[in-house]
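Participant: Quick one: the structure is below, and I'll ask about it shortly.
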Amino acid sequence: MNWARLAGAGLFAVGFIGYVVGVYVEYPGRAFSITATIVGIALVAIAGRSDSGERV
């Protein structure tokens, strides 16, 4: 797993959890959870294959 895919998955997870929490609890900066989710999806989508060369 390369760093871009790992970072994207982490951003997506944090953003999604932040969004779900933001639906129920009002906190400052909750709009950034949507940005984190979108950037996470984009990183996962554009990340290349793993460096090991294995086909999945």
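Residue numbering restarts at 1 in every chain; chains get A, B, ... in the order shown in the structure tokens, and ligands count up from 1 in that same order.
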Just want the 8 Å neighbourhood of range 3-6 of chain A, counted on only C-alpha atoms, with same-chain residues fewer than 2 positions away dropped. Output as an MDAnalysis selection string.

Facilitator: chainID A and resid 1 8:10 43:45 47:48

Participant: Would you write out those residues with C-alpha atoms, as a JSON list (two decimals), in the first residue's frame?

Facilitator:
```json
[["chain", "number", "residue", "atom", "x", "y", "z"],
["A", 1, "MET", "CA", 0.00, 0.00, 0.00],
["A", 8, "GLY", "CA", -6.48, 9.02, 1.45],
["A", 9, "ALA", "CA", -8.04, 6.20, 3.41],
["A", 10, "GLY", "CA", -7.12, 7.91, 6.68],
["A", 43, "LEU", "CA", -6.25, 10.48, -3.05],
["A", 44, "VAL", "CA", -7.51, 6.91, -3.05],
["A", 45, "ALA", "CA", -8.76, 7.31, -6.62],
["A", 47, "ALA", "CA", -3.08, 6.60, -6.08],
["A", 48, "GLY", "CA", -1.15, 4.21, -8.22]]
```

Participant: As a ChimeraX atom specification, please: every residue in chain A that DSSP puts in alpha helix (DSSP H).

Facilitator: /A:3-24,32-46

Participant: What's the 12 Å shell around Ala7 in chain A, counting only C-alpha atoms, without same-chain residues fewer than 5 positions away, as JSON, numbers by chain?

Facilitator: {"A": [1, 2, 12, 13, 14, 15, 36, 37, 39, 40, 41, 42, 43, 44, 45, 46, 47]}

Participant: Determine, counting only C-alpha atoms, which protein, DNA and RNA residues have an atom within 12 Å of an atom of Val23 in chain A; residues of the same chain fewer than 6 positions away are not included. Present the result as number ranges by chain.

Facilitator: A: 16-17, 30-31, 33-34

Participant: Just write the chosen residues, N, CA and C atoms, as a compact mmCIF listing (two decimals), in the first residue's frame.

Facilitator:
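That gives us selection.txt:
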```txt
# COMPACT_ATOMS: atom_id res chain seq x y z
N PHE A 16 -15.23 11.22 7.43
CA PHE A 16 -16.55 10.61 7.55
C PHE A 16 -17.02 10.56 9.00
N ILE A 17 -16.12 10.19 9.90
CA ILE A 17 -16.47 10.17 11.32
C ILE A 17 -16.79 11.58 11.81
N ARG A 30 -16.51 22.00 11.73
CA ARG A 30 -17.07 20.73 11.26
C ARG A 30 -17.21 20.68 9.75
N ALA A 31 -17.22 21.82 9.09
CA ALA A 31 -17.31 21.83 7.63
C ALA A 31 -16.05 21.23 6.99
N SER A 33 -14.76 18.53 7.73
CA SER A 33 -14.92 17.08 7.60
C SER A 33 -15.33 16.71 6.18
N ILE A 34 -16.14 17.55 5.54
CA ILE A 34 -16.54 17.28 4.16
C ILE A 34 -15.33 17.42 3.25
```
